[in-house]
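Visitor: My structure is in run-v2.cif, and what it holds is mmCIF, C-alpha atoms:
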```cif
data_protein
loop_
_atom_site.label_atom_id
_atom_site.label_comp_id
_atom_site.auth_asym_id
_atom_site.auth_seq_id
_atom_site.Cartn_x
_atom_site.Cartn_y
_atom_site.Cartn_z
CA MET N 1 4.09 37.35 -15.21
CA THR N 2 1.93 34.46 -16.25
CA HIS N 3 -1.58 34.67 -14.91
CA ILE N 4 -2.23 31.88 -12.38
CA GLU N 5 -5.74 30.50 -12.36
CA TYR N 6 -6.74 29.74 -8.82
CA LYS N 7 -8.94 26.80 -9.76
CA HIS N 8 -5.97 25.21 -11.45
CA LEU N 9 -3.74 25.95 -8.50
CA LEU N 10 -6.25 24.34 -6.16
CA ILE N 11 -6.33 21.19 -8.28
CA PHE N 12 -2.57 21.12 -8.59
CA GLY N 13 -2.19 21.66 -4.85
CA SER N 14 -4.70 18.97 -3.88
CA PHE N 15 -3.11 16.36 -6.09
CA MET N 16 0.31 17.34 -4.86
CA ALA N 17 -0.87 16.64 -1.33
CA VAL N 18 -2.24 13.30 -2.54
CA GLY N 19 1.07 12.48 -4.27
CA TRP N 20 2.97 13.39 -1.11
CA PHE N 21 0.77 11.12 0.98
CA LEU N 22 0.93 8.26 -1.53
CA PHE N 23 4.73 8.29 -1.52
CA ILE N 24 5.09 8.48 2.26
CA PHE N 25 2.44 5.85 2.95
CA PHE N 26 3.28 3.35 0.22
CA TRP N 27 7.07 3.60 0.07
CA PRO N 28 7.71 0.87 2.72
CA ARG N 29 5.38 -1.56 1.01
CA MET N 30 6.82 -0.78 -2.40
CA MET N 31 10.23 -1.72 -1.01
CA LEU N 32 8.93 -4.98 0.42
CA TYR N 33 7.12 -5.71 -2.83
CA VAL N 34 10.59 -5.94 -4.36
CA TYR N 35 11.34 -8.69 -1.83
CA LYS N 36 8.06 -10.42 -2.54
CA ARG N 37 8.85 -10.54 -6.23
CA ALA N 38 12.41 -11.68 -5.53
CA ILE N 39 11.13 -14.51 -3.32
CA HIS N 40 8.35 -15.69 -5.59
CA VAL N 41 9.94 -15.12 -8.98
CA LYS N 42 13.70 -15.49 -8.62
CA GLY N 43 14.30 -17.08 -5.27
CA PHE N 44 17.61 -16.85 -3.44
CA GLY N 45 19.65 -19.45 -5.31
CA ASP N 46 17.50 -22.47 -6.08
CA GLY N 47 14.63 -21.04 -8.05
CA PRO N 48 11.37 -19.50 -6.90
CA ILE N 49 10.42 -19.92 -3.23
CA PRO N 50 6.74 -20.95 -3.21
CA VAL N 51 4.30 -19.12 -0.96
CA ASN N 52 4.02 -20.58 2.56
CA THR N 53 7.46 -22.20 2.48
CA LEU N 54 10.88 -21.28 3.83
CA TYR N 55 14.23 -21.34 2.05
CA THR N 56 17.68 -21.28 3.66
CA GLN N 57 20.58 -19.74 1.76
CA ARG N 58 23.23 -22.20 0.59
CA GLN N 59 26.32 -22.87 2.65
CA ALA N 60 28.50 -22.06 -0.36
CA LEU N 61 27.10 -18.53 -0.50
CA PHE N 62 28.08 -17.97 3.13
CA ALA N 63 31.45 -19.75 2.92
CA ASP N 64 32.67 -17.80 -0.10
CA PRO N 65 30.64 -14.61 -0.43
CA LEU N 66 32.97 -13.24 -3.11
CA HIS N 67 32.04 -15.97 -5.58
CA PRO N 68 28.31 -16.65 -5.27
CA PRO N 69 26.95 -19.50 -7.41
CA ALA N 70 25.64 -18.23 -10.74
CA SER N 71 22.07 -19.10 -9.77
CA VAL N 72 22.07 -16.64 -6.86
CA PRO N 73 20.27 -13.40 -7.76
CA LYS N 74 21.64 -9.99 -6.89
CA LEU N 75 19.29 -9.25 -4.01
CA ALA N 76 20.60 -12.29 -2.08
CA THR N 77 24.17 -10.98 -2.28
CA THR N 78 23.40 -7.35 -1.52
CA GLY N 79 25.07 -5.98 1.57
CA VAL N 80 27.77 -7.45 3.75
CA ASN N 81 26.57 -9.90 6.39
CA ARG N 82 28.78 -12.73 7.66
CA ASP N 83 27.08 -13.36 10.99
CA THR N 84 24.04 -15.46 10.27
CA LEU N 85 22.57 -17.84 7.73
CA ILE N 86 19.43 -16.32 6.26
CA THR N 87 16.16 -18.21 5.92
CA ILE N 88 13.40 -16.44 4.07
CA GLY N 89 9.82 -16.89 2.92
CA TRP N 90 6.60 -15.06 2.07
CA TRP N 91 3.44 -16.41 3.63
CA ASP N 92 -0.23 -15.91 2.87
CA LEU N 93 -2.46 -16.63 5.84
CA GLY N 94 -5.65 -16.03 3.84
CA LYS N 95 -6.36 -19.75 3.56
CA GLY N 96 -5.60 -20.48 7.20
CA PRO N 97 -2.81 -20.32 9.75
CA GLN N 98 0.67 -21.70 9.29
CA ILE N 99 2.69 -23.59 11.86
CA LEU N 100 6.33 -22.64 12.34
CA HIS N 101 8.52 -25.40 13.70
CA VAL N 102 11.89 -24.55 15.21
CA PRO N 103 14.40 -27.22 16.30
CA ASP N 104 16.33 -27.30 19.55
CA MET N 105 19.07 -24.76 18.90
CA ALA N 106 21.03 -25.85 21.99
CA GLY N 107 21.67 -22.32 23.20
CA ARG N 108 22.69 -20.99 19.77
CA TYR N 109 21.55 -17.48 18.85
CA TYR N 110 18.81 -17.43 16.26
CA SER N 111 15.74 -15.37 15.44
CA VAL N 112 12.71 -15.65 13.19
CA GLN N 113 11.33 -12.22 12.36
CA PHE N 114 7.73 -11.74 11.27
CA THR N 115 7.24 -8.58 9.26
CA ASP N 116 3.98 -6.93 8.23
CA PRO N 117 4.87 -6.00 4.64
CA SER N 118 2.30 -3.22 4.42
CA ARG N 119 4.21 -1.22 7.04
CA ASN N 120 7.61 -2.88 7.25
CA THR N 121 7.25 -3.32 11.00
CA ASN N 122 7.89 -6.52 12.93
CA PHE N 123 4.90 -7.80 14.86
CA ALA N 124 6.58 -10.84 16.42
CA TYR N 125 9.82 -12.72 16.92
CA VAL N 126 10.52 -16.34 17.67
CA GLY N 127 14.10 -16.91 18.80
CA LYS N 128 16.64 -16.96 21.57
CA ARG N 129 15.76 -13.50 22.87
CA THR N 130 11.99 -13.93 22.91
CA THR N 131 11.17 -17.64 23.20
CA GLY N 132 14.44 -19.37 24.07
CA THR N 133 16.31 -22.02 22.12
CA GLU N 134 14.24 -25.12 22.82
CA ALA N 135 12.33 -26.82 20.02
CA GLY N 136 8.82 -25.49 19.56
CA ASP N 137 5.79 -24.99 17.35
CA TYR N 138 4.09 -21.64 16.80
CA LEU N 139 0.76 -21.02 15.14
CA ILE N 140 0.80 -17.89 13.00
CA ALA N 141 -2.76 -16.78 12.27
CA GLY N 142 -4.05 -13.96 10.10
CA PRO N 143 -6.43 -11.22 11.24
CA GLY N 144 -9.85 -12.45 12.29
CA TRP N 145 -8.91 -16.12 12.50
CA LYS N 146 -10.89 -17.92 15.17
CA GLY N 147 -10.12 -21.53 15.87
CA ALA N 148 -8.65 -23.89 18.34
CA VAL N 149 -4.93 -23.60 18.87
CA PRO N 150 -3.48 -27.13 18.98
CA GLN N 151 -2.14 -28.14 22.35
CA GLY N 152 1.41 -27.15 23.08
CA MET N 153 1.45 -24.37 20.49
CA THR N 154 1.69 -20.64 21.04
CA GLN N 155 -0.46 -18.44 18.84
CA ILE N 156 1.06 -15.45 17.08
CA SER N 157 -1.48 -13.08 15.57
CA SER N 158 -0.53 -11.35 12.35
CA PRO N 159 -2.12 -7.98 11.55
CA ASN N 160 -1.99 -8.86 7.85
CA ASN N 161 -2.57 -11.99 5.77
CA SER N 162 0.71 -11.36 3.99
CA VAL N 163 3.78 -12.01 6.12
CA LEU N 164 7.46 -11.71 5.32
CA VAL N 165 9.38 -14.25 7.39
CA ALA N 166 13.13 -13.82 7.90
CA GLY N 167 15.17 -16.28 9.94
CA ARG N 168 18.74 -15.74 11.11
CA VAL N 169 20.88 -18.54 12.56
CA PHE N 170 24.23 -17.62 14.07
CA VAL N 171 27.37 -19.09 12.47
CA GLU N 172 30.31 -19.06 14.85
CA SER N 173 33.06 -20.07 12.43
CA GLU N 174 33.66 -21.81 9.13
CA SER N 175 33.83 -25.19 10.87
CA ASP N 176 30.50 -24.43 12.54
CA LEU N 177 28.78 -23.71 9.22
CA PRO N 178 27.47 -27.25 8.50
CA THR N 179 25.95 -27.49 12.00
CA ALA N 180 24.33 -24.08 11.68
CA TYR N 181 23.01 -24.93 8.22
CA ASN N 182 21.56 -28.20 9.45
CA LEU N 183 19.71 -26.35 12.21
CA ALA N 184 18.53 -23.56 9.91
CA LYS N 185 17.11 -26.14 7.50
CA GLN N 186 15.01 -27.52 10.35
CA ILE N 187 13.14 -24.23 10.71
CA GLN N 188 10.07 -25.35 8.81
CA VAL N 189 6.51 -24.43 8.06
CA VAL N 190 3.37 -26.53 7.56
CA PRO N 191 -0.24 -25.37 7.17
CA LEU N 192 -2.57 -25.95 10.12
CA ILE N 193 -5.07 -27.68 7.88
CA ARG N 194 -3.64 -29.64 5.01
CA GLN N 195 -5.91 -29.19 2.03
CA PRO N 196 -7.08 -32.61 0.79
CA SER N 197 -5.44 -33.36 -2.52
CA GLU N 198 -7.78 -33.75 -5.43
CA MET U 1 -6.52 25.03 13.47
CA SER U 2 -7.54 21.51 12.57
CA ILE U 3 -5.16 19.09 10.90
CA VAL U 4 -7.18 19.22 7.70
CA SER U 5 -7.21 22.99 7.33
CA ARG U 6 -3.52 23.16 8.16
CA TRP U 7 -3.00 20.47 5.52
CA ILE U 8 -4.85 22.52 2.92
CA VAL U 9 -2.98 25.72 3.73
CA VAL U 10 0.40 24.00 3.68
CA SER U 11 -0.31 22.16 0.43
CA LEU U 12 -1.58 25.32 -1.25
CA LEU U 13 1.47 27.27 -0.18
CA LEU U 14 3.70 24.43 -1.39
CA ALA U 15 1.72 24.25 -4.62
CA LEU U 16 2.21 27.97 -5.15
CA ALA U 17 5.93 27.59 -4.51
CA VAL U 18 6.27 24.57 -6.78
CA ARG U 19 4.22 26.20 -9.55
CA PHE U 20 6.19 29.40 -9.23
CA ALA U 21 9.41 27.42 -9.52
CA MET U 22 8.05 25.54 -12.52
CA LEU U 23 7.07 28.75 -14.27
CA HIS U 24 10.07 30.87 -13.54
CA VAL U 25 12.96 28.57 -12.79
CA LEU U 26 12.21 25.59 -15.00
CA GLU U 27 10.39 27.83 -17.52
CA PHE U 28 7.39 25.61 -18.07
CA HIS U 29 5.30 27.91 -20.26
CA SER U 30 2.93 25.30 -21.58
CA HIS U 31 -0.25 27.38 -21.36
CA PRO U 32 -3.14 26.84 -21.52
CA ARG U 33 -2.87 23.95 -19.06
CA SER U 34 -5.49 21.22 -18.99
CA ILE U 35 -6.95 19.82 -15.78
CA ALA U 36 -5.30 16.45 -16.57
CA THR U 37 -1.92 18.17 -16.71
CA GLU U 38 -2.53 19.80 -13.33
CA VAL U 39 -3.51 16.46 -11.79
CA PHE U 40 -0.57 14.57 -13.30
CA GLN U 41 2.03 17.18 -12.50
CA GLY U 42 0.56 17.69 -9.04
CA LEU U 43 0.92 13.99 -8.27
CA ILE U 44 4.48 13.87 -9.57
CA ALA U 45 5.49 17.00 -7.67
CA GLY U 46 3.86 15.59 -4.52
CA GLY U 47 5.67 12.27 -4.86
CA VAL U 48 9.01 14.02 -5.24
CA LEU U 49 8.25 16.23 -2.25
CA GLY U 50 7.25 13.12 -0.28
CA CYS U 51 10.58 11.47 -1.01
CA PHE U 52 12.32 14.70 -0.03
CA THR U 53 10.31 14.91 3.21
CA ALA U 54 11.15 11.30 4.15
CA ASP U 55 14.83 11.95 3.42
CA VAL U 56 14.91 15.11 5.54
CA PHE U 57 13.05 13.29 8.32
CA ALA U 58 15.55 10.40 8.19
CA ARG U 59 18.44 12.86 8.46
CA ILE U 60 16.83 14.46 11.48
CA LYS U 61 16.34 11.08 13.15
CA LEU U 62 19.84 9.74 12.41
CA THR U 63 22.27 9.91 15.29
CA THR U 64 25.97 10.32 14.60
CA VAL U 65 28.54 9.68 17.31
CA ASN U 66 32.28 9.43 16.59
CA GLY U 67 31.57 9.10 12.86
CA TRP U 68 29.17 6.17 13.42
CA ILE U 69 25.65 6.63 12.12
CA THR U 70 22.58 4.78 13.35
CA LEU U 71 18.82 5.08 13.06
CA PHE U 72 17.12 3.93 16.23
CA GLY U 73 13.66 2.42 16.35
CA CYS U 74 12.98 1.02 12.88
CA GLY U 75 10.70 -2.00 12.56
CA LEU U 76 8.71 -1.25 15.71
CA PRO U 77 4.92 -1.52 15.44
CA GLY U 78 3.33 1.83 16.15
CA ASN U 79 5.97 3.79 14.29
CA GLY U 80 4.42 6.74 12.49
CA MET U 81 3.92 6.84 8.74
CA LEU U 82 6.75 9.31 8.22
CA PHE U 83 9.23 7.33 10.32
CA ARG U 84 8.35 4.10 8.50
CA ALA U 85 9.04 5.84 5.18
CA ALA U 86 12.33 7.19 6.55
CA CYS U 87 13.38 3.68 7.69
CA ALA U 88 12.49 2.17 4.32
CA LEU U 89 14.52 4.89 2.64
CA ILE U 90 17.60 4.20 4.78
CA PHE U 91 17.50 0.38 4.94
CA LEU U 92 15.55 -0.43 1.74
CA GLY U 93 14.24 -3.67 3.22
CA PRO U 94 13.06 -5.54 6.29
CA VAL U 95 15.14 -4.58 9.31
CA ASN U 96 15.46 -5.91 12.86
CA THR U 97 13.83 -4.06 15.72
CA PRO U 98 16.42 -2.45 18.03
CA GLN U 99 15.90 -5.03 20.80
CA GLU U 100 16.92 -7.80 18.38
CA ALA U 101 19.83 -6.06 16.66
CA MET U 102 21.34 -2.62 16.28
CA TYR U 103 23.31 -1.47 13.26
CA TRP U 104 25.84 1.31 12.88
CA ILE U 105 27.54 2.38 9.69
CA ALA U 106 30.70 4.44 9.32
CA ARG U 107 31.84 6.13 6.14
CA LYS U 108 34.09 8.58 7.94
CA SER U 109 36.76 8.43 10.61
CA GLY U 110 36.23 10.00 14.01
CA ALA U 111 37.95 13.09 12.62
CA GLY U 112 35.34 13.33 9.86
CA ARG U 113 37.52 12.22 6.93
CA LYS U 114 36.31 9.59 4.43
CA LEU U 115 37.59 6.11 5.20
CA ASP U 116 40.14 5.16 2.56
CA GLY U 117 42.39 2.09 2.33
CA ARG U 118 45.33 4.29 1.38
CA HIS U 119 45.51 5.07 5.09
CA ASP U 120 45.79 2.80 8.12
CA TYR U 121 43.21 2.98 10.90
CA ARG U 122 42.78 1.71 14.43
CA MET U 123 39.66 1.18 16.42
CA HIS U 124 40.35 1.09 20.15
CA PHE U 125 37.84 -0.40 22.57
CA PRO U 126 38.81 0.55 26.14
CA PRO U 127 38.75 -2.12 28.87
CA GLY U 128 35.15 -3.20 29.33
CA GLY U 129 34.16 -1.05 26.36
CA LEU U 130 33.18 -3.74 23.86
CA PRO U 131 29.54 -3.45 22.75
CA PRO U 132 27.30 -4.85 25.52
CA ASN U 133 25.08 -7.65 24.24
CA ASP U 134 23.32 -10.93 25.00
CA ALA U 135 24.20 -12.56 21.68
CA PHE U 136 27.22 -11.29 19.72
CA TRP U 137 28.72 -8.32 17.91
CA SER U 138 30.63 -8.00 14.65
CA LEU U 139 32.51 -5.41 12.64
CA THR U 140 32.21 -6.02 8.89
CA MET U 141 34.12 -4.45 6.02
CA GLY U 142 32.45 -3.27 2.83
CA ASP U 143 33.95 -1.50 -0.17
CA ALA U 144 32.60 1.81 -1.47
CA ARG U 145 29.66 -0.07 -3.04
CA ASN U 146 28.92 -2.12 0.09
CA ARG U 147 30.40 -5.38 -1.22
CA PHE U 148 32.78 -7.81 0.44
CA VAL U 149 36.49 -7.08 0.04
CA ALA U 150 38.77 -9.82 -1.33
CA ASN U 151 41.85 -10.51 0.82
CA ARG U 152 44.38 -13.29 1.18
CA ILE U 153 43.20 -14.50 4.60
CA HIS U 154 39.51 -14.61 3.56
CA ARG U 155 38.47 -12.43 6.49
CA TYR U 156 35.47 -10.19 5.95
CA SER U 157 34.69 -9.27 9.53
CA VAL U 158 36.08 -9.36 13.06
CA SER U 159 33.88 -10.10 16.01
CA ASP U 160 33.63 -11.46 19.53
CA HIS U 161 34.00 -14.94 17.99
CA SER U 162 36.80 -14.27 15.49
CA GLY U 163 39.69 -14.70 17.93
CA LEU U 164 40.55 -11.08 18.69
CA VAL U 165 43.55 -10.73 21.02
CA LEU U 166 43.07 -8.48 24.03
CA ASN U 167 45.74 -6.08 25.25
CA ALA U 168 47.23 -6.61 28.74
CA ASP U 169 44.75 -4.12 30.26
CA GLY U 170 41.74 -5.80 28.66
CA SER U 171 41.32 -3.24 25.90
CA VAL U 172 41.11 -4.27 22.23
CA ASP U 173 42.71 -2.69 19.18
CA ILE U 174 41.39 -3.50 15.72
CA TYR U 175 43.74 -2.82 12.83
CA ILE U 176 41.78 -1.62 9.82
CA GLN U 177 44.18 -1.44 6.90
CA ASN U 178 45.02 -2.79 3.46
CA THR U 179 48.26 -4.59 4.41
CA ALA U 180 48.65 -7.02 7.30
CA PRO U 181 49.86 -5.42 10.55
CA THR U 182 52.97 -7.33 11.61
CA GLY U 183 52.37 -9.14 14.87
CA HIS U 184 48.69 -8.20 14.98
CA GLU U 185 47.18 -10.43 12.29
CA CYS U 186 44.50 -11.75 14.68
CA ASN U 187 43.13 -8.21 15.06
CA TRP U 188 43.42 -7.28 11.39
CA LEU U 189 40.34 -6.33 9.42
CA PRO U 190 41.53 -6.18 5.80
CA ALA U 191 40.57 -2.99 3.95
CA PRO U 192 40.48 -2.47 0.18
CA GLY U 193 42.91 -0.12 -1.60
CA GLY U 194 40.28 2.57 -1.94
CA LYS U 195 37.29 3.94 -0.08
CA PHE U 196 35.40 1.67 2.28
CA ILE U 197 32.62 1.55 4.84
CA LEU U 198 32.25 -0.36 8.11
CA TRP U 199 29.23 -1.99 9.68
CA LEU U 200 28.96 -2.60 13.39
CA ARG U 201 26.21 -5.02 14.33
CA VAL U 202 25.20 -5.84 17.88
CA TYR U 203 22.66 -8.63 18.28
CA VAL U 204 20.43 -8.50 21.36
CA PRO U 205 22.08 -5.25 22.46
CA GLY U 206 22.47 -4.51 26.15
CA ALA U 207 20.63 -1.82 28.10
CA ALA U 208 23.44 0.71 27.65
CA ILE U 209 22.91 0.55 23.88
CA LEU U 210 19.12 0.62 23.99
CA ASP U 211 19.03 3.67 26.23
CA GLY U 212 21.61 5.42 24.07
CA LYS U 213 24.40 5.60 26.65
CA TYR U 214 26.89 3.41 24.80
CA GLU U 215 29.20 5.24 22.41
CA VAL U 216 30.90 3.34 19.62
CA PRO U 217 34.60 4.29 19.63
CA PRO U 218 35.89 6.34 16.69
CA ILE U 219 37.95 4.92 13.84
CA VAL U 220 41.25 6.72 14.13
CA GLU U 221 43.68 7.32 11.28
CA VAL U 222 47.27 6.47 12.19
CA ASN U 223 50.47 7.63 10.54
CA GLY U 224 53.02 5.24 9.10
#
```
Please render this file's structure as structure tokens.
Guide:
Amino acid sequence: MTHIEYKHLLIFGSFMAVGWFLFIFFWPRMMLYVYKRAIHVKGFGDGPIPVNTLYTQRQALFADPLHPPASVPKLATTGVNRDTLITIGWWDLGKGPQILHVPDMAGRYYSVQFTDPSRNTNFAYVGKRTTGTEAGDYLIAGPGWKGAVPQGMTQISSPNNSVLVAGRVFVESESDLPTAYNLAKQIQVVPLIRQPSE
Amino acid sequence: MSIVSRWIVVSLLLALAVRFAMLHVLEFHSHPRSIATEVFQGLIAGGVLGCFTADVFARIKLTTVNGWITLFGCGLPGNGMLFRAACALIFLGPVNTPQEAMYWIARKSGAGRKLDGRHDYRMHFPPGGLPPNDAFWSLTMGDARNRFVANRIHRYSVSDHSGLVLNADGSVDIYIQNTAPTGHECNWLPAPGGKFILWLRVYVPGAAILDGKYEVPPIVEVNG
């Protein structure tokens, strides 16, 4: 039998424990990093989706999921979902809060999910279940932000400056698709403080 | 025993087991080993074990009723590190919290046989037995690789808004098969010729779902 050096075993064992921890702890954020890259580099059908913006999937992709337009990357067509139009974006609150505007959904089911990408947990929802379907503005602020919340807005505190935002707007039928798309497009984001252009 | 000392004992025992396996099963006889090799191989072995741990943990947390599998509680803040890893391993992306939407997946019939379009299936919801919700529910078809299935009526899911026809007693039968069921086209969910999977989604699920009392009915294979 090969002689096992205990010093070596201790080193091997310690780094194995470290490797175990690294995988368990970082696996969720590695997965979401794939989404971050997809959003910023490829986009979901119309090129890259810039940081602090939102993009709604095309109607054509929903209407005929078997024949997605050539510009639509694989991640956007992964899985089978024919219930909702997807709106997606990756925000960075490091330079200040963002304001989410949602239109009057007139009773229609919708949700906007805010995900902390370092843990893949959802720290807030705006939508029919949580805030109702009336039009509204929500201030999403990063950790440590202190400032005045504009009147009429609800503050949502994010535990992380990076935020994955995923909107879902219910589509009742094919004839309802244009209406749903029009509403989904009105889910918008603007920064609290517009940087003066130079 | 403190967490740390338990951690050290467990990792040393695991290290011994992994090294023993490497020496005697995989026949790694690359002596003398440098410290760098120990570090590198330790990290790799740990990563693999971590993936294995998350997978085992996910399997423990999965609930299977009538062939339908679900993982309850993903996406909730406060979830432990191990559960978050398990969720990311199962769903591979951002997922709704259970209060917003619940997902079930079926690869097998209620009798435990793989779903296959060479057979015909029925899903029977008893009167009042449709999934309780405050938004909507849907049953979506996917082929063996989780892609939409082409069919002549361009139907990829059935749902509470797809025009399902109720039976006289208020129950609902869904016909899951490759060819159209004569007289029941409204309740037909077209299946591919080969293996398939089904997704049940319930948005804003009712209390009976959230407290685990609701049971999704089995998919039953029918003859002829």
Visitor: The PyMOL selection byres ((chain N and resi 123) around 10) on the file shown: which residues, as a ChimeraX atom specification?
Guide: /N:113-116,120-122,124-125,156-160,163 /U:75-78,97
Visitor: Please check which residues have atoms at most 9 Å from (23.8, -15.8, 6.6) in the file's coordinates, counting all atoms listed in the file, and write them as number ranges by chain.
Guide: N: 56-59, 61-62, 81-87, 168-171
Visitor: Compare N:Tyr6, N:Phe25, N:Gly13, N:Ala70 by their minimum atom-to-atom distance to Met81 of chain U, counting only C-alpha atoms, and give me the closest one.
Guide: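 The answer is N:Phe25, which sits nearest to Met81 of chain U.
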Visitor: Carefully work through the PyMOL selection byres ((chain U and resi 174-191) around 10) for this structure and note down the residues it includes, as a PyMOL selection string.
Guide: chain U and resi 115-125+139-143+148-159+162-166+172-173+192-198+219-222
Visitor: Pick out the residues sitting within 7 Å of Phe12 of chain N, and hand them over as an MDAnalysis selection string; count all atoms listed in the file, and ignore anything fewer than 2 positions along from it in its own chain.
Guide: (chainID N and resid 8:10 14:16) or (chainID U and resid 15 38:39 42)
Visitor: Could you spell out the hits of the PyMOL selection byres ((chain U and resi 53) around 10) on the shown file, as a list in words?
Guide: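 That selection, the PyMOL selection byres ((chain U and resi 53) around 10), comes back as Trp20, Phe23 and Ile24 of chain N; Gly47, Val48, Leu49, Gly50, Cys51, Phe52, Ala54, Asp55, Val56, Phe57, Ala58, Arg59, Leu82, Ala85 and Ala86 of chain U.
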Visitor: Could you check the closest approach to Val65 of chain U for each of U:Phe83, U:Phe136, U:Phe40, U:Trp104 and tell me which residue wins, using all atoms listed in the file?
Guide: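 So, comparing all the options, the nearest one is U:Trp104.
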Visitor: Nearest to Tyr35 of chain N: which of N:Pro50, N:Gly89, N:Pro65, N:Gly79 is it, counting only C-alpha atoms?
Guide: N:Gly89
